[in-house]
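Engineer: Quick one: the structure is below, and I'll ask about it shortly.
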2 protein chains.
Amino acid sequence: MVGSEVVRLLHAHSSDLAQRIGAPLELAGVAVRRPQRDRDLPVDPALFTADAAGLVAREDVDIVVEVIGGIEPARSLLLTALGRGASVVTANKALLAEDGASLYEAARRGGADLYCEASVAGAIPLLRPLRESLAGDRVTRVMGIVNGTTNYILSRMDDNGAGFEEALEEAQALGYAEADPSADIDGFDAAAKAAILAGLAFHTRVTGADVHREGISEVTAGDVASAREMGSVVKLLAIAERGPDRNGRDSVGVRVHPAMIPRTHPLAGVGDAYNAVFVEADAAGQLMFYGRGAGGAPTASAVLGDLVAVARNRLTGARGMGESAYADLRVRPMGDTPTRYHVSLDVADKAGVLANVAQAFAAHDVSIQTVRQEGHGDDATLVLVTHTAADAALSATVEELRRMDSVRAVASVMRVEGGLG
Amino acid sequence: MVGSEVVRLLHAHSSDLAQRIGAPLELAGVAVRRPQRDRDLPVDPALFTADAAGLVAREDVDIVVEVIGGIEPARSLLLTALGRGASVVTANKALLAEDGASLYEAARRGGADLYCEASVAGAIPLLRPLRESLAGDRVTRVMGIVNGTTNYILSRMDDNGAGFEEALEEAQALGYAEADPSADIDGFDAAAKAAILAGLAFHTRVTGADVHREGISEVTAGDVASAREMGSVVKLLAIAERGPDRNGRDSVGVRVHPAMIPRTHPLAGVGDAYNAVFVEADAAGQLMFYGRGAGGAPTASAVLGDLVAVARNRLTGARGMGESAYADLRVRPMGDTPTRYHVSLDVADKAGVLANVAQAFAAHDVSIQTVRQEGHGDDATLVLVTHTAADAALSATVEELRRMDSVRAVASVMRVEGGLG
């Protein structure tokens, strides 16, 4: 998909591209599984080859565009290309999140560029603004909706009260979710993107394994209804923030989890196929970047923007900004991260329950912002929203609530973000 | 304001900046009107000078940051700097819109960079994505809210039904509007920004004088109420689009005017102090960039991003993308631009009026999308929304309506944008 679109755009805009770069781009070869297959593409059929390793090793190839995805053979191919000084444009979020350091190191040694705008949030120009436009500012927080499949499922659950399984089946039937949906619904895809965003925003190294990850499979219709009652909506958020760890040292925290955000928050209105990322910086304040997060043409647009940049760099003898991991920040564990919880409890409506519950929060130094009681008798519900506290203290509080006799069930637990009052 | 913030950020982030650039930035001098004045800034007082011309001519000054504004002396100073090869970072939208061509030409001859991210939409990284990230795509349309003062006034009119004069006085009392508000309310500020955006988006030259400009002083409480009844809101929009002129030749149209947009459009929710710009491109689809449009710190953030880029370019011997005016497109007159109108007519409710009105539209080949009749007897109102037609045909239709006996008054005429149904 993306490769075909890149080829089409290269062809359709060849004279524009030559003007912008200062020299024409020439397609040297296209590595595919089946070179003989008929393709409706404006490419000399002789350029197709099954020998990807041979293509990236050719000395007359200046730039390699990688849209294979996955770890191997993509990594070996890119290390070969970068090692001999060819610049690379890649959309491979999984590889960058797992082993970006090796690639950047190979680029540095080879004197080559490694650009990856297409790896996060499709067509949205995001990595370049983070890396370059905000280079004189200090980014403090990045929060985004970066996975379309989960956004579709959560939107359906919000629209019609569907449960998770039902919404997932609908998404699969419509082709919005894979037959094996784990990469999306368990948050792996979002976690890889969060790692890349965090690394660029905070000038440090973050891998996918550093990201605290919770998917959406545990989100219930009850959670979504609870959010709705509070004027909120449940979204899968990728959040990267810079702040002190428990010892007061500068650190980054990177996490992916479902959370309630107010419907008035600009991220709440982001529809199925769109991605959006909020960025907070000391001087710039709040910024938002919004656009199509996936699809052949949007991703190809991002690839071509990078292609123009690395081609210009080759002509001028310059190199773009490589990895800037100088900040070398520790990754803060999730337990140390300040968060807020929304907790919904089924309780028997008898004297003392609220006092017991409040005591459980207080015992963990968690301050309650609001309590709402609904229903009476044996069917009462307590809905609590906390102030900010360390995530470990909040989850320990919930564990204690689960063990309390006067709490019949912990019906819903979800973090809240975006200034929910 | 902006200059002080730039100095503060340079000081506060000096080690970060040195890491990102690869060498420290050294403040060589600060030209001000009164060098002796006490300033609470982290700068050696000896660096202040009243001799701006001397400072920009100094051979040891590599980069000049200009935050004076206006045409002169800014232009002469920047031409001096660029002419001797010093790179320039400027926030000066008026100068770029009036005479950007001279500056870019001086930069080209001097082998220097001219960066101007801060000139449009404050802290929002917008020019760089347009110029660089979308360099491999084809931008077709840019539509934005780029002036905070008018956005404040129109928001107040929408909130409380105030008239224009009343809302303007409130804005002046609160310091959101100048004592002489013409630059904002007559659309000059937005037109300068529209010219800069159009030039970068379409790789052609557009000056402020090429921009069709209508301000908001004619917007009435009735217009705003009419918009509200249609589920819309009135915003001052800056629009730049690429398309055929009446002879079918590729051209650009650039315009600033108030328009009704649906409340569901993401631009409708953009609050007072924020700016937002929608970009449509062939492959990328719709993108939106949102953030603070003015203010010392946000503007300084944009200046520093540019400063890092031009400093890196000096170290690597590279130059950034200069003006790319290769497309050399004709500017399409407003009359040739396809637009849609919302027209509200006070009519006597007698047989034949609607037929007469419909006939006036048909005579100019303007097709009506919806008609709504309100009231009866001598107090009836006809509200019409047209399909897209050449702006000249639409305005000629309105002129004819004004002359019709059966139309007592043309109560409201406003363009509609953003897919208003």
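In the structure tokens, chains take letters A, B, ... by order of appearance, with residues numbered from 1 within each chain and ligands from 1 in the order shown.
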Please identify every residue of chain A that has at least one atom no more than 6 Å from any atom of chain B, counting only C-alpha atoms, and report them as a JSON list (two decimals) with N, CA and C atoms, in the first residue's frame.
Structural biologist:
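Saved file iface.json follows:
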[["chain", "number", "residue", "atom", "x", "y", "z"],
["A", 123, "ALA", "N", 0.32, 10.99, 8.28],
["A", 123, "ALA", "CA", 0.68, 12.19, 7.52],
["A", 123, "ALA", "C", 0.96, 13.39, 8.40],
["A", 125, "PRO", "N", 2.63, 16.07, 10.29],
["A", 125, "PRO", "CA", 4.02, 16.50, 10.54],
["A", 125, "PRO", "C", 4.19, 16.71, 12.03],
["A", 129, "PRO", "N", 8.43, 18.89, 13.73],
["A", 129, "PRO", "CA", 8.20, 19.99, 14.66],
["A", 129, "PRO", "C", 8.77, 19.73, 16.05],
["A", 133, "SER", "N", 11.27, 22.42, 15.21],
["A", 133, "SER", "CA", 10.61, 23.69, 15.51],
["A", 133, "SER", "C", 10.67, 24.00, 17.01],
["A", 134, "LEU", "N", 10.54, 22.96, 17.84],
["A", 134, "LEU", "CA", 10.55, 23.20, 19.28],
["A", 134, "LEU", "C", 11.95, 23.00, 19.87],
["A", 135, "ALA", "N", 12.96, 23.03, 19.01],
["A", 135, "ALA", "CA", 14.32, 22.74, 19.47],
["A", 135, "ALA", "C", 14.83, 23.77, 20.47],
["A", 136, "GLY", "N", 14.27, 24.96, 20.48],
["A", 136, "GLY", "CA", 14.71, 25.98, 21.42],
["A", 136, "GLY", "C", 13.81, 26.09, 22.62],
["A", 137, "ASP", "N", 12.84, 25.21, 22.72],
["A", 137, "ASP", "CA", 11.88, 25.24, 23.82],
["A", 137, "ASP", "C", 12.11, 23.98, 24.67],
["A", 283, "ALA", "N", 7.56, 27.36, 26.74],
["A", 283, "ALA", "CA", 7.30, 28.67, 26.14],
["A", 283, "ALA", "C", 6.14, 28.63, 25.15],
["A", 284, "ALA", "N", 6.06, 27.60, 24.34],
["A", 284, "ALA", "CA", 5.04, 27.54, 23.30],
["A", 284, "ALA", "C", 3.65, 27.34, 23.87],
["A", 286, "GLN", "N", 0.35, 25.13, 24.78],
["A", 286, "GLN", "CA", -0.28, 23.94, 24.22],
["A", 286, "GLN", "C", -0.36, 24.01, 22.71],
["A", 287, "LEU", "N", 0.04, 22.95, 22.07],
["A", 287, "LEU", "CA", -0.07, 22.82, 20.63],
["A", 287, "LEU", "C", -0.85, 21.55, 20.32],
["A", 288, "MET", "N", -1.57, 21.51, 19.22],
["A", 288, "MET", "CA", -2.15, 20.25, 18.79],
["A", 288, "MET", "C", -1.90, 20.03, 17.31],
["A", 289, "PHE", "N", -1.61, 18.79, 16.97],
["A", 289, "PHE", "CA", -1.39, 18.37, 15.60],
["A", 289, "PHE", "C", -2.42, 17.30, 15.29],
["A", 290, "TYR", "N", -3.11, 17.47, 14.18],
["A", 290, "TYR", "CA", -4.27, 16.63, 13.88],
["A", 290, "TYR", "C", -4.24, 16.22, 12.42],
["A", 291, "GLY", "N", -4.58, 14.98, 12.12],
["A", 291, "GLY", "CA", -4.63, 14.55, 10.73],
["A", 291, "GLY", "C", -4.84, 13.06, 10.63],
["A", 297, "ALA", "N", -1.91, 6.76, 1.22],
["A", 297, "ALA", "CA", -1.56, 8.09, 0.74],
["A", 297, "ALA", "C", -1.03, 8.99, 1.85],
["A", 298, "PRO", "N", -1.70, 9.07, 3.01],
["A", 298, "PRO", "CA", -1.15, 9.93, 4.07],
["A", 298, "PRO", "C", 0.25, 9.50, 4.50],
["A", 301, "SER", "N", 2.74, 10.51, 1.93],
["A", 301, "SER", "CA", 3.03, 11.95, 1.98],
["A", 301, "SER", "C", 4.15, 12.23, 2.97],
["A", 304, "LEU", "N", 7.46, 11.07, 1.57],
["A", 304, "LEU", "CA", 8.01, 11.97, 0.56],
["A", 304, "LEU", "C", 8.58, 13.25, 1.16],
["A", 305, "GLY", "N", 7.95, 13.75, 2.20],
["A", 305, "GLY", "CA", 8.51, 14.92, 2.88],
["A", 305, "GLY", "C", 9.92, 14.62, 3.38],
["A", 316, "THR", "N", 23.56, 19.15, -0.47],
["A", 316, "THR", "CA", 24.26, 20.25, 0.19],
["A", 316, "THR", "C", 25.40, 19.73, 1.06],
["A", 318, "ALA", "N", 24.96, 18.35, 3.85],
["A", 318, "ALA", "CA", 24.58, 18.49, 5.25],
["A", 318, "ALA", "C", 23.99, 17.18, 5.75]]
Engineer: Mind checking DSSP for stretch 171-273 of chain A and telling me the strand (DSSP E or B) residues as an NGL selection string?
Structural biologist: :A and (212-213 or 232-244 or 250-262)
Engineer: With only C-alpha atoms as the counted atoms, please give the residues lying no more than 8 Å from B:Ala167, apart from itself and same-chain residues fewer than 3 positions off, as a list in words.
Structural biologist: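 Residues meeting the cut-off are Ile153, Leu154, Arg156, Met157, Ala162, Gly163, Phe164, Glu170 and Ala171 of chain B.
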Engineer: How about saving the chosen residues, C-alpha atoms kept, as a PDB file, in the first residue's frame?
Structural biologist:
ATOM      1  CA  ILE B 153     -14.552  40.122  19.190  1.00  0.00           C
ATOM      2  CA  LEU B 154     -16.496  37.581  17.121  1.00  0.00           C
ATOM      3  CA  ARG B 156     -18.043  37.822  22.321  1.00  0.00           C
ATOM      4  CA  MET B 157     -20.657  38.669  19.694  1.00  0.00           C
ATOM      5  CA  ALA B 162     -23.380  41.991  21.387  1.00  0.00           C
ATOM      6  CA  GLY B 163     -22.987  44.255  18.373  1.00  0.00           C
ATOM      7  CA  PHE B 164     -19.590  44.846  16.795  1.00  0.00           C
ATOM      8  CA  GLU B 170     -14.842  45.444  25.514  1.00  0.00           C
ATOM      9  CA  ALA B 171     -11.802  44.073  23.696  1.00  0.00           C
TER      10      ALA B 171
END
Engineer: Could you give me, as a PyMOL selection string, the residues within 7 Å of stretch 333-349 of chain B, counting only C-alpha atoms and dropping anything in the same chain fewer than 3 positions from it?
Structural biologist: chain B and resi 212+245-246+253+376-392+406-416
Engineer: Write the residues you've just listed into a file as an mmCIF file, in the first residue's frame, and include C-alpha atoms for each of them.
Structural biologist:
data_model
loop_
_atom_site.group_PDB
_atom_site.id
_atom_site.type_symbol
_atom_site.label_atom_id
_atom_site.label_comp_id
_atom_site.auth_asym_id
_atom_site.auth_seq_id
_atom_site.Cartn_x
_atom_site.Cartn_y
_atom_site.Cartn_z
ATOM 1 C CA HIS B 212 -8.682 40.053 -1.122
ATOM 2 C CA ASP B 245 -8.731 30.710 -12.923
ATOM 3 C CA ARG B 246 -11.551 31.527 -15.346
ATOM 4 C CA GLY B 253 -6.586 32.715 -4.697
ATOM 5 C CA HIS B 376 -45.430 36.075 7.752
ATOM 6 C CA GLY B 377 -47.141 39.176 6.463
ATOM 7 C CA ASP B 378 -44.951 42.265 6.219
ATOM 8 C CA ASP B 379 -42.330 40.801 8.482
ATOM 9 C CA ALA B 380 -41.159 37.752 6.552
ATOM 10 C CA THR B 381 -37.545 36.745 6.119
ATOM 11 C CA LEU B 382 -36.096 34.561 3.393
ATOM 12 C CA VAL B 383 -32.826 32.817 4.254
ATOM 13 C CA LEU B 384 -30.987 31.348 1.275
ATOM 14 C CA VAL B 385 -27.759 29.379 1.000
ATOM 15 C CA THR B 386 -26.309 28.953 -2.461
ATOM 16 C CA HIS B 387 -24.281 26.244 -4.070
ATOM 17 C CA THR B 388 -20.749 27.165 -5.103
ATOM 18 C CA ALA B 389 -20.466 29.843 -7.798
ATOM 19 C CA ALA B 390 -17.966 32.461 -8.918
ATOM 20 C CA ASP B 391 -17.818 35.192 -6.279
ATOM 21 C CA ALA B 392 -18.529 37.849 -8.926
ATOM 22 C CA SER B 406 -40.238 43.041 -3.380
ATOM 23 C CA VAL B 407 -37.096 42.855 -1.222
ATOM 24 C CA ARG B 408 -37.379 45.373 1.593
ATOM 25 C CA ALA B 409 -33.793 44.872 2.763
ATOM 26 C CA VAL B 410 -30.830 42.563 2.344
ATOM 27 C CA ALA B 411 -30.412 41.887 6.047
ATOM 28 C CA SER B 412 -27.305 39.729 5.956
ATOM 29 C CA VAL B 413 -24.828 38.554 3.335
ATOM 30 C CA MET B 414 -21.979 36.298 4.306
ATOM 31 C CA ARG B 415 -19.848 33.632 2.689
ATOM 32 C CA VAL B 416 -20.056 30.114 4.057
#
Engineer: So which one's closest to A:Ala240, A:Val7, A:Ala227, A:Leu200, A:Ala273? Using only C-alpha atoms, please.
Structural biologist: A:Leu200
Engineer: From the options A:Leu27, A:Arg372, A:Asp184, A:Asn160, which residue's atoms come nearest to A:His11, counting only C-alpha atoms?
Structural biologist: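 Of A:Leu27, A:Arg372, A:Asp184, A:Asn160, the one nearest A:His11, counting only C-alpha atoms, is A:Leu27.
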Engineer: Of the candidates B:Leu197, B:Val277, B:Leu168, B:Leu25, which one gets nearest to B:Ile216 if we count only C-alpha atoms?
Structural biologist: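 Once distances to B:Ile216 are computed over only C-alpha atoms, the minimum belongs to B:Leu168.
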Engineer: If you measure from atom CA of A:Gln36 to atom CA of A:Thr49, what distance in Å do you get, rounded to one decimal?
Structural biologist: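 Atom-to-atom, atom CA of A:Gln36 to atom CA of A:Thr49, that is 8.6 Å.
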Engineer: Just the residues within 12 Å of A:Arg58, please, counting only C-alpha atoms, with nothing from its chain fewer than 5 positions along; format it as a compact mmCIF listing (two decimals) with C-alpha atoms, in the first residue's frame.
Structural biologist:
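Writing done, so here's result-v1.txt:
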# COMPACT_ATOMS: atom_id res chain seq x y z
CA ALA A 28 16.85 2.87 -8.74
CA GLY A 29 14.92 -0.26 -7.81
CA ASP A 51 16.88 -9.23 -3.91
CA ALA A 52 16.36 -6.58 -1.24
CA ALA A 53 19.81 -7.17 0.28
CA ILE A 63 18.58 6.73 -0.40
CA VAL A 64 16.65 3.71 0.84
CA LEU A 77 18.69 -4.08 5.37
CA THR A 80 23.57 -2.32 5.53
CA ALA A 81 22.33 0.85 3.85
CA LEU A 82 23.30 3.21 6.69
CA ARG A 84 27.72 2.35 3.65
CA GLY A 85 26.42 5.90 4.00
CA ALA A 86 23.07 5.68 2.24
Engineer: For the atom pair atom CA of A:Ser232 and atom CA of A:Ala363, what is the interatomic distance in Å to one decimal place?
Structural biologist: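 Computing the Euclidean distance for atom CA of A:Ser232 and atom CA of A:Ala363 yields 28.4 Å.
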Engineer: Can you measure atom CA of B:Leu41 to atom CA of B:Met1 for me? One decimal in Å is fine.
Structural biologist: 11.7 Å
Engineer: Looking only at alpha helix (DSSP H) from DSSP on the backbone, list the matching residues of stretch 15-181 of chain A as a compact mmCIF listing (two decimals) with N, CA and C atoms, in the first residue's frame.
Structural biologist:
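Written file, selection12.txt:
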# COMPACT_ATOMS: atom_id res chain seq x y z
N SER A 15 8.48 16.60 -11.33
CA SER A 15 9.13 17.87 -11.65
C SER A 15 9.07 18.82 -10.45
N ASP A 16 7.95 18.80 -9.71
CA ASP A 16 7.89 19.57 -8.46
C ASP A 16 9.00 19.13 -7.50
N LEU A 17 9.17 17.82 -7.38
CA LEU A 17 10.17 17.30 -6.45
C LEU A 17 11.57 17.74 -6.86
N ALA A 18 11.83 17.70 -8.16
CA ALA A 18 13.15 18.11 -8.64
C ALA A 18 13.41 19.57 -8.31
N GLN A 19 12.35 20.40 -8.43
CA GLN A 19 12.50 21.82 -8.09
C GLN A 19 12.79 21.99 -6.61
N ARG A 20 12.07 21.24 -5.80
CA ARG A 20 12.22 21.43 -4.35
C ARG A 20 13.56 20.93 -3.85
N ILE A 21 14.06 19.87 -4.52
CA ILE A 21 15.31 19.27 -4.07
C ILE A 21 16.51 19.96 -4.71
N ALA A 52 16.32 -7.82 -2.02
CA ALA A 52 16.36 -6.58 -1.24
C ALA A 52 17.77 -6.30 -0.74
N ALA A 53 18.46 -7.36 -0.27
CA ALA A 53 19.81 -7.17 0.28
C ALA A 53 20.75 -6.62 -0.79
N GLY A 54 20.60 -7.12 -2.01
CA GLY A 54 21.44 -6.63 -3.10
C GLY A 54 21.14 -5.18 -3.43
N LEU A 55 19.86 -4.83 -3.38
CA LEU A 55 19.46 -3.47 -3.73
C LEU A 55 20.01 -2.44 -2.73
N VAL A 56 19.87 -2.72 -1.43
CA VAL A 56 20.33 -1.73 -0.44
C VAL A 56 21.85 -1.64 -0.40
N ALA A 57 22.53 -2.68 -0.93
CA ALA A 57 24.00 -2.67 -0.91
C ALA A 57 24.59 -1.97 -2.13
N ALA A 74 13.97 -6.02 7.99
CA ALA A 74 14.12 -4.56 7.85
C ALA A 74 15.41 -4.07 8.53
N ARG A 75 15.67 -4.55 9.78
CA ARG A 75 16.83 -4.03 10.48
C ARG A 75 18.13 -4.28 9.73
N SER A 76 18.33 -5.53 9.29
CA SER A 76 19.58 -5.86 8.59
C SER A 76 19.73 -5.02 7.33
N LEU A 77 18.64 -4.86 6.61
CA LEU A 77 18.69 -4.08 5.37
C LEU A 77 19.08 -2.63 5.66
N LEU A 78 18.47 -2.05 6.69
CA LEU A 78 18.75 -0.64 6.99
C LEU A 78 20.16 -0.47 7.55
N LEU A 79 20.62 -1.44 8.34
CA LEU A 79 21.99 -1.35 8.86
C LEU A 79 22.99 -1.41 7.70
N THR A 80 22.71 -2.26 6.72
CA THR A 80 23.57 -2.32 5.53
C THR A 80 23.61 -0.97 4.82
N ALA A 81 22.41 -0.42 4.58
CA ALA A 81 22.33 0.85 3.85
C ALA A 81 23.05 1.96 4.61
N LEU A 82 22.71 2.12 5.89
CA LEU A 82 23.30 3.21 6.69
C LEU A 82 24.80 3.01 6.83
N GLY A 83 25.22 1.75 6.97
CA GLY A 83 26.63 1.45 7.18
C GLY A 83 27.49 1.92 6.01
N LYS A 93 7.72 1.76 12.79
CA LYS A 93 7.65 2.12 14.21
C LYS A 93 8.15 1.01 15.12
N ALA A 94 7.83 -0.26 14.74
CA ALA A 94 8.22 -1.37 15.61
C ALA A 94 9.74 -1.43 15.74
N LEU A 95 10.42 -1.31 14.61
CA LEU A 95 11.88 -1.38 14.62
C LEU A 95 12.50 -0.19 15.36
N LEU A 96 11.98 1.00 15.11
CA LEU A 96 12.52 2.18 15.78
C LEU A 96 12.32 2.10 17.29
N ALA A 97 11.16 1.57 17.69
CA ALA A 97 10.88 1.47 19.12
C ALA A 97 11.72 0.39 19.77
N GLU A 98 12.02 -0.68 19.03
CA GLU A 98 12.80 -1.76 19.64
C GLU A 98 14.29 -1.48 19.60
N ASP A 99 14.75 -0.96 18.49
CA ASP A 99 16.20 -0.88 18.33
C ASP A 99 16.62 0.38 17.58
N GLY A 100 15.94 1.48 17.84
CA GLY A 100 16.29 2.74 17.20
C GLY A 100 17.74 3.11 17.44
N ALA A 101 18.26 2.78 18.63
CA ALA A 101 19.63 3.16 18.99
C ALA A 101 20.64 2.60 17.99
N SER A 102 20.49 1.32 17.60
CA SER A 102 21.43 0.72 16.63
C SER A 102 21.37 1.45 15.30
N LEU A 103 20.13 1.77 14.89
CA LEU A 103 19.98 2.44 13.59
C LEU A 103 20.62 3.82 13.62
N TYR A 104 20.33 4.59 14.67
CA TYR A 104 20.91 5.94 14.76
C TYR A 104 22.43 5.88 14.85
N GLU A 105 22.92 4.87 15.56
CA GLU A 105 24.36 4.72 15.68
C GLU A 105 24.98 4.40 14.31
N ALA A 106 24.32 3.52 13.56
CA ALA A 106 24.81 3.19 12.21
C ALA A 106 24.76 4.43 11.31
N ALA A 107 23.69 5.24 11.46
CA ALA A 107 23.58 6.46 10.65
C ALA A 107 24.71 7.41 10.99
N ARG A 108 25.01 7.53 12.29
CA ARG A 108 26.06 8.44 12.72
C ARG A 108 27.41 7.99 12.15
N ARG A 109 27.69 6.70 12.28
CA ARG A 109 28.97 6.19 11.79
C ARG A 109 29.07 6.30 10.27
N GLY A 110 27.94 6.04 9.59
CA GLY A 110 27.96 6.10 8.12
C GLY A 110 27.85 7.52 7.57
N LEU A 127 7.06 14.67 14.07
CA LEU A 127 8.41 14.43 14.56
C LEU A 127 9.32 15.61 14.23
N ARG A 128 9.15 16.17 13.03
CA ARG A 128 9.99 17.30 12.64
C ARG A 128 9.71 18.53 13.51
N GLY A 148 -5.70 4.02 15.36
CA GLY A 148 -7.04 4.16 14.79
C GLY A 148 -7.99 3.03 15.16
N THR A 149 -7.48 1.80 15.24
CA THR A 149 -8.34 0.65 15.53
C THR A 149 -9.00 0.79 16.90
N THR A 150 -8.20 1.08 17.91
CA THR A 150 -8.77 1.22 19.26
C THR A 150 -9.67 2.45 19.33
N ASN A 151 -9.33 3.49 18.59
CA ASN A 151 -10.18 4.68 18.60
C ASN A 151 -11.54 4.37 17.97
N TYR A 152 -11.52 3.53 16.94
CA TYR A 152 -12.79 3.11 16.33
C TYR A 152 -13.63 2.31 17.34
N ILE A 153 -13.01 1.34 17.98
CA ILE A 153 -13.75 0.48 18.92
C ILE A 153 -14.32 1.31 20.08
N LEU A 154 -13.51 2.17 20.65
CA LEU A 154 -13.99 2.97 21.79
C LEU A 154 -15.08 3.95 21.34
N SER A 155 -14.97 4.46 20.13
CA SER A 155 -16.01 5.36 19.62
C SER A 155 -17.34 4.62 19.48
N ARG A 156 -17.28 3.36 18.95
CA ARG A 156 -18.52 2.57 18.81
C ARG A 156 -19.12 2.28 20.18
N MET A 157 -18.27 1.94 21.15
CA MET A 157 -18.79 1.66 22.50
C MET A 157 -19.47 2.90 23.07
N ASP A 158 -18.93 4.07 22.76
CA ASP A 158 -19.51 5.32 23.25
C ASP A 158 -20.80 5.66 22.50
N ASP A 159 -20.82 5.37 21.19
CA ASP A 159 -21.99 5.72 20.38
C ASP A 159 -23.22 4.92 20.77
N ASN A 160 -23.05 3.61 20.94
CA ASN A 160 -24.23 2.76 21.06
C ASN A 160 -24.24 1.85 22.28
N PHE A 164 -17.10 -4.37 24.67
CA PHE A 164 -15.85 -4.43 23.94
C PHE A 164 -15.87 -5.50 22.85
N GLU A 165 -16.32 -6.72 23.19
CA GLU A 165 -16.28 -7.83 22.23
C GLU A 165 -17.11 -7.51 20.98
N GLU A 166 -18.29 -6.95 21.24
CA GLU A 166 -19.20 -6.62 20.14
C GLU A 166 -18.57 -5.56 19.21
N ALA A 167 -18.00 -4.53 19.83
CA ALA A 167 -17.40 -3.45 19.03
C ALA A 167 -16.18 -3.97 18.26
N LEU A 168 -15.43 -4.88 18.89
CA LEU A 168 -14.27 -5.46 18.20
C LEU A 168 -14.71 -6.27 16.99
N GLU A 169 -15.77 -7.07 17.17
CA GLU A 169 -16.27 -7.87 16.05
C GLU A 169 -16.72 -6.98 14.89
N GLU A 170 -17.39 -5.89 15.23
CA GLU A 170 -17.81 -4.96 14.19
C GLU A 170 -16.60 -4.37 13.47
N ALA A 171 -15.58 -4.00 14.24
CA ALA A 171 -14.37 -3.42 13.65
C ALA A 171 -13.69 -4.44 12.74
N GLN A 172 -13.69 -5.71 13.15
CA GLN A 172 -13.06 -6.74 12.32
C GLN A 172 -13.86 -6.97 11.04
N ALA A 173 -15.20 -6.97 11.17
CA ALA A 173 -16.04 -7.18 10.00
C ALA A 173 -15.82 -6.07 8.97
